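One structure is given below, encoded as structure tokens.
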Amino acid sequence: AQTVTQSQPEMSVQEAETVTLSCTYDTSESDYYLFWYKQPPSRQMILVIRQEAYKQQNATENRFSVNFQKAAKSFSLKISDSQLGDAAMYFCAYRRQSGTYKYIFGTGTRLKVLA
Amino acid sequence: GAVVSQHPSWVICKSGTSVKIECRSLDFQATTMFWYRQFPKQSLMLMATSNEGSKATYEQGVEKDKFLINHASLTLSTLTVTSAHPEDSSFYICSAKAGLGGNIQYFGAGTRLSVL
């Protein structure tokens, strides 16, 4: 069975600085998708970034980028130029490419942004 | 991006009553919808997967008769918590996947259920 692990329950970053959130996963599949979702205090889940496993190039969305290491089964999220609005819970998620469409979520990392 | 509407956002009910939560995809057809439960400061726990026109697939440990799911159209899924008890109090979130090729789940804003 696939598992997703986020080993950092809480992280803090100074405004305008860079922070990296860690995520590791376990799977025997070769094709799959990985996601980072943000859940602010409103509790609305917002897609931050996604990565297809077959792509070697790391995904980037403005200030957000990932370091995808397929062999190491690692998928970290880097937030550059952190802003107060980035404060939220961040969840890493895994989904198989075929068959069931369900996500497997990690336990989350709470990010605090210090002014 | 795709919009998923969830209603109500907060409901308070008496123990023993039933509560229905609606999840609508507003600008796309959702062949598959998901229902999650989230306890305070915890991750999302998948309860069930529903496909339009067929019975929902429940995760292990989730009571089918307690949590009734109906996905009658490509834009609407409902979760009914039957004979609610205080232990059913939680935050319920739905999500929807667009079409056959979609790999992204779009989430509703969630429903806070408080059972007195």
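Letters A, B, ... mark the chains of the structure tokens in the order given; residue numbers begin at 1 per chain; ligand numbers begin at 1, in order shown.
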**Asked** Can you tell me, as a VMD selection string, what residues are no more than 6 Å from Ser12 of chain A when counting only C-alpha atoms, ignoring any on the same chain fewer than 2 positions away?
**Response** chain A and resid 111 to 113
Go ahead and save the residues from that selection, with all heavy atoms, as an mmCIF file, in the first residue's frame.
```cif
data_model
loop_
_atom_site.group_PDB
_atom_site.id
_atom_site.type_symbol
_atom_site.label_atom_id
_atom_site.label_comp_id
_atom_site.auth_asym_id
_atom_site.auth_seq_id
_atom_site.Cartn_x
_atom_site.Cartn_y
_atom_site.Cartn_z
ATOM 1 N N LEU A 111 2.712 25.743 8.451
ATOM 2 C CA LEU A 111 3.714 26.764 8.162
ATOM 3 C C LEU A 111 3.304 28.086 8.785
ATOM 4 O O LEU A 111 2.209 28.586 8.549
ATOM 5 C CB LEU A 111 3.882 26.949 6.649
ATOM 6 C CG LEU A 111 4.871 28.035 6.237
ATOM 7 C CD1 LEU A 111 6.283 27.646 6.665
ATOM 8 C CD2 LEU A 111 4.814 28.294 4.738
ATOM 9 N N LYS A 112 4.205 28.623 9.596
ATOM 10 C CA LYS A 112 4.010 29.946 10.181
ATOM 11 C C LYS A 112 4.947 30.919 9.490
ATOM 12 O O LYS A 112 6.124 30.608 9.276
ATOM 13 C CB LYS A 112 4.295 29.912 11.682
ATOM 14 C CG LYS A 112 3.323 29.066 12.475
ATOM 15 C CD LYS A 112 3.616 29.162 13.968
ATOM 16 C CE LYS A 112 2.585 28.375 14.772
ATOM 17 N NZ LYS A 112 2.835 28.470 16.236
ATOM 18 N N VAL A 113 4.435 32.077 9.146
ATOM 19 C CA VAL A 113 5.244 33.113 8.513
ATOM 20 C C VAL A 113 5.357 34.277 9.484
ATOM 21 O O VAL A 113 4.345 34.853 9.893
ATOM 22 C CB VAL A 113 4.633 33.570 7.180
ATOM 23 C CG1 VAL A 113 5.512 34.637 6.531
ATOM 24 C CG2 VAL A 113 4.448 32.381 6.244
#
```
Quick one: everything within 7 Å of Glu22 of chain B, counting only C-alpha atoms, minus sequence neighbours fewer than 4 positions away in the same chain. Send it as an mmCIF file with N, CA and C atoms, in the first residue's frame.
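Wrote around_21.cif, looks like this:
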```
data_model
loop_
_atom_site.group_PDB
_atom_site.id
_atom_site.type_symbol
_atom_site.label_atom_id
_atom_site.label_comp_id
_atom_site.auth_asym_id
_atom_site.auth_seq_id
_atom_site.Cartn_x
_atom_site.Cartn_y
_atom_site.Cartn_z
ATOM 1 N N GLN B 6 -19.954 23.703 -1.743
ATOM 2 C CA GLN B 6 -20.420 22.780 -0.710
ATOM 3 C C GLN B 6 -21.366 23.536 0.213
ATOM 4 N N HIS B 7 -22.485 22.893 0.509
ATOM 5 C CA HIS B 7 -23.505 23.558 1.315
ATOM 6 C C HIS B 7 -24.183 22.574 2.258
ATOM 7 N N SER B 77 -23.350 15.653 -5.744
ATOM 8 C CA SER B 77 -23.253 14.504 -4.856
ATOM 9 C C SER B 77 -23.715 14.947 -3.482
ATOM 10 N N THR B 78 -24.388 14.058 -2.763
ATOM 11 C CA THR B 78 -24.836 14.406 -1.423
ATOM 12 C C THR B 78 -24.353 13.368 -0.419
ATOM 13 N N LEU B 79 -24.068 13.852 0.773
ATOM 14 C CA LEU B 79 -23.704 13.005 1.907
ATOM 15 C C LEU B 79 -24.750 13.221 2.977
#
```
**Asked** Please, what distance in Å, to one decimal, runs between atom CA of Ser15 of chain B and atom CA of Ser43 of chain B?
**Response** 25.8 Å
Would you mind listing, for every residue of chain A within 9 Å of chain B, the two atoms forming the shortest contact and the distance between them in Å to one decimal, using only C-alpha atoms, sorted by chain and ascending residue number, as CSV?
```
residue,atom,partner,partner_atom,distance
A:Tyr33,CA,B:Asn103,CA,7.9
A:Phe35,CA,B:Ile104,CA,8.7
A:Ser42,CA,B:Ala109,CA,7.8
A:Arg43,CA,B:Ala109,CA,6.5
A:Gln44,CA,B:Ala109,CA,4.5
A:Met45,CA,B:Phe107,CA,5.8
A:Ile46,CA,B:Phe107,CA,7.4
A:Leu47,CA,B:Tyr106,CA,7.9
A:Arg50,CA,B:Ile104,CA,8.6
A:Met89,CA,B:Lys41,CA,9.0
A:Phe91,CA,B:Ser43,CA,7.8
A:Arg95,CA,B:Asn103,CA,8.2
A:Gln97,CA,B:Asn103,CA,8.0
A:Tyr101,CA,B:Asn103,CA,7.3
A:Lys102,CA,B:Thr49,CA,7.5
A:Tyr103,CA,B:Leu46,CA,8.2
A:Ile104,CA,B:Leu46,CA,8.3
A:Phe105,CA,B:Leu44,CA,6.8
A:Gly106,CA,B:Ser43,CA,6.9
A:Thr107,CA,B:Ser43,CA,5.0
A:Gly108,CA,B:Ser43,CA,6.3
```
Next, the residues of the selection above should be written as a PDB file, in the first residue's frame with C-alpha atoms.
```pdb
ATOM      1  CA  TYR A  33       0.979  12.028  -9.587  1.00  0.00           C
ATOM      2  CA  PHE A  35       0.486  17.214  -5.308  1.00  0.00           C
ATOM      3  CA  SER A  42     -10.633  29.101   6.070  1.00  0.00           C
ATOM      4  CA  ARG A  43     -10.026  25.353   5.545  1.00  0.00           C
ATOM      5  CA  GLN A  44     -10.522  25.613   1.774  1.00  0.00           C
ATOM      6  CA  MET A  45      -8.085  23.200   0.135  1.00  0.00           C
ATOM      7  CA  ILE A  46      -6.131  24.945  -2.607  1.00  0.00           C
ATOM      8  CA  LEU A  47      -3.903  23.224  -5.150  1.00  0.00           C
ATOM      9  CA  ARG A  50       1.486  19.118  -9.065  1.00  0.00           C
ATOM     10  CA  MET A  89      -1.361  23.783   6.607  1.00  0.00           C
ATOM     11  CA  PHE A  91      -0.521  18.639   2.617  1.00  0.00           C
ATOM     12  CA  ARG A  95      -2.342   9.486  -6.611  1.00  0.00           C
ATOM     13  CA  GLN A  97      -1.924   7.197 -12.524  1.00  0.00           C
ATOM     14  CA  TYR A 101      -8.440   8.196  -8.477  1.00  0.00           C
ATOM     15  CA  LYS A 102      -8.229   8.661  -4.751  1.00  0.00           C
ATOM     16  CA  TYR A 103      -5.536  10.692  -3.072  1.00  0.00           C
ATOM     17  CA  ILE A 104      -3.376   9.528  -0.229  1.00  0.00           C
ATOM     18  CA  PHE A 105      -2.549  12.494   1.981  1.00  0.00           C
ATOM     19  CA  GLY A 106       0.319  13.083   4.328  1.00  0.00           C
ATOM     20  CA  THR A 107      -0.287  14.306   7.869  1.00  0.00           C
ATOM     21  CA  GLY A 108       0.434  17.910   6.984  1.00  0.00           C
TER      22      GLY A 108
END
```
When you look at segment 52-60 of chain A with a cut-off of 7 Å (counting only C-alpha atoms), what residues show up, excluding the ones that are within fewer than 6 positions of it in the same chain? I need them as a PDB file with N, CA, C and O atoms, in the first residue's frame.
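Saved to part-v9.pdb:
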```
ATOM      1  N   ASP A  31       4.289   4.974 -12.394  1.00  0.00           N
ATOM      2  CA  ASP A  31       3.591   6.160 -12.884  1.00  0.00           C
ATOM      3  C   ASP A  31       2.573   6.619 -11.855  1.00  0.00           C
ATOM      4  O   ASP A  31       1.735   5.828 -11.419  1.00  0.00           O
ATOM      5  N   TYR A  32       2.641   7.883 -11.507  1.00  0.00           N
ATOM      6  CA  TYR A  32       1.745   8.421 -10.489  1.00  0.00           C
ATOM      7  C   TYR A  32       1.822   9.943 -10.527  1.00  0.00           C
ATOM      8  O   TYR A  32       2.592  10.522 -11.305  1.00  0.00           O
ATOM      9  N   TYR A  33       0.986  10.571  -9.700  1.00  0.00           N
ATOM     10  CA  TYR A  33       0.979  12.028  -9.587  1.00  0.00           C
ATOM     11  C   TYR A  33       1.248  12.409  -8.136  1.00  0.00           C
ATOM     12  O   TYR A  33       0.849  11.706  -7.211  1.00  0.00           O
ATOM     13  N   LEU A  34       1.878  13.521  -7.968  1.00  0.00           N
ATOM     14  CA  LEU A  34       2.131  14.077  -6.641  1.00  0.00           C
ATOM     15  C   LEU A  34       1.620  15.508  -6.601  1.00  0.00           C
ATOM     16  O   LEU A  34       1.710  16.234  -7.598  1.00  0.00           O
ATOM     17  N   VAL A  66       9.105  22.556  -6.737  1.00  0.00           N
ATOM     18  CA  VAL A  66       9.311  21.277  -6.069  1.00  0.00           C
ATOM     19  C   VAL A  66      10.671  20.720  -6.434  1.00  0.00           C
ATOM     20  O   VAL A  66      11.247  21.033  -7.465  1.00  0.00           O
ATOM     21  N   ASN A  67      11.170  19.866  -5.556  1.00  0.00           N
ATOM     22  CA  ASN A  67      12.358  19.065  -5.821  1.00  0.00           C
ATOM     23  C   ASN A  67      11.899  17.618  -5.803  1.00  0.00           C
ATOM     24  O   ASN A  67      11.685  17.035  -4.727  1.00  0.00           O
ATOM     25  N   PHE A  68      11.702  17.076  -6.995  1.00  0.00           N
ATOM     26  CA  PHE A  68      11.182  15.728  -7.139  1.00  0.00           C
ATOM     27  C   PHE A  68      12.338  14.776  -7.378  1.00  0.00           C
ATOM     28  O   PHE A  68      13.042  14.880  -8.390  1.00  0.00           O
TER      29      PHE A  68
END
```
**Item:** All strand (DSSP E or B) residues (DSSP, backbone) inside segment 39-104 of chain A, as a PyMOL selection string
**Value:** chain A and resi 39+46-52+60-61+64-69+74-79+88-96+104
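Counting only C-alpha atoms and comparing A:Ser7, A:Ser98, A:Gln51, A:Asn62, the residue that lies closest to Ser82 of chain A is A:Asn62.
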**Request:** Name the residues in contact with Ser74 of chain A at a cut-off of 8 Å, using only C-alpha atoms, excluding same-chain residues fewer than 2 positions from it; report them as JSON, numbers by chain.
**Result:** {"A": [22, 23, 24, 25, 67, 68, 69, 70, 71, 72, 76]}
**Item:** Counting only C-alpha atoms, the residue of B:Lys66, B:Arg112, B:Lys55, B:Arg24 that sits nearest Thr82 of chain B
**Value:**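 Going through B:Lys66, B:Arg112, B:Lys55, B:Arg24 one by one, the smallest distance to Thr82 of chain B is for B:Lys66.
Computed from the coordinates, the atom CA of Val3 of chain B to atom CA of Ala56 of chain B distance equals 22.0 Å.
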**Asked** Rounded to one decimal in Å, what is the spacing between atom CA of Val4 of chain A and atom CA of Lys38 of chain A?
**Response** 15.9 Å
**Message:** Using only C-alpha atoms, which protein or nucleic acid residues come within 6 Å of Gln8 of chain A? Drop anything in the same chain fewer than 2 positions from it, and give the result as a ChimeraX atom specification.
**Reply:** /A:6,10,109
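Nearest to Thr18 of chain A of all the residues A:Cys92, A:Ala115, A:Ile79, A:Ala87 is A:Ile79, based on only C-alpha atoms.
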**Item:** Nearest to Ser89 of chain B, chosen from B:Met47, B:Val62, B:Val11, B:Ile69, with only C-alpha atoms counted in the distances
**Value:**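 Checking each candidate against Ser89 of chain B, we get B:Val11 as the closest.
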**Request:** Considering only C-alpha atoms, state which residue in the set B:Leu76, B:Ala2, B:Val81, B:Leu68 is at the smallest distance from Leu113 of chain B.
**Result:**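 Ranking B:Leu76, B:Ala2, B:Val81, B:Leu68 by distance to Leu113 of chain B, first place goes to B:Val81.
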**Request:** Please identify all polymer residues within 8 Å of Asp88 of chain B, counting only C-alpha atoms, omitting same-chain residues fewer than 3 positions from it, and present them as an MDAnalysis selection string.
**Result:** chainID B and resid 84:85 113:115
Selected residues written out, C-alpha atoms, as a PDB file, in the first residue's frame:
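As a result, selection_30.pdb now contains:
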```pdb
ATOM      1  CA  ALA B  84     -26.309  11.726  13.925  1.00  0.00           C
ATOM      2  CA  HIS B  85     -24.577  11.473  17.283  1.00  0.00           C
ATOM      3  CA  LEU B 113     -21.174  19.515  11.576  1.00  0.00           C
ATOM      4  CA  SER B 114     -21.962  19.951  15.241  1.00  0.00           C
ATOM      5  CA  VAL B 115     -24.259  17.372  16.819  1.00  0.00           C
TER       6      VAL B 115
END
```
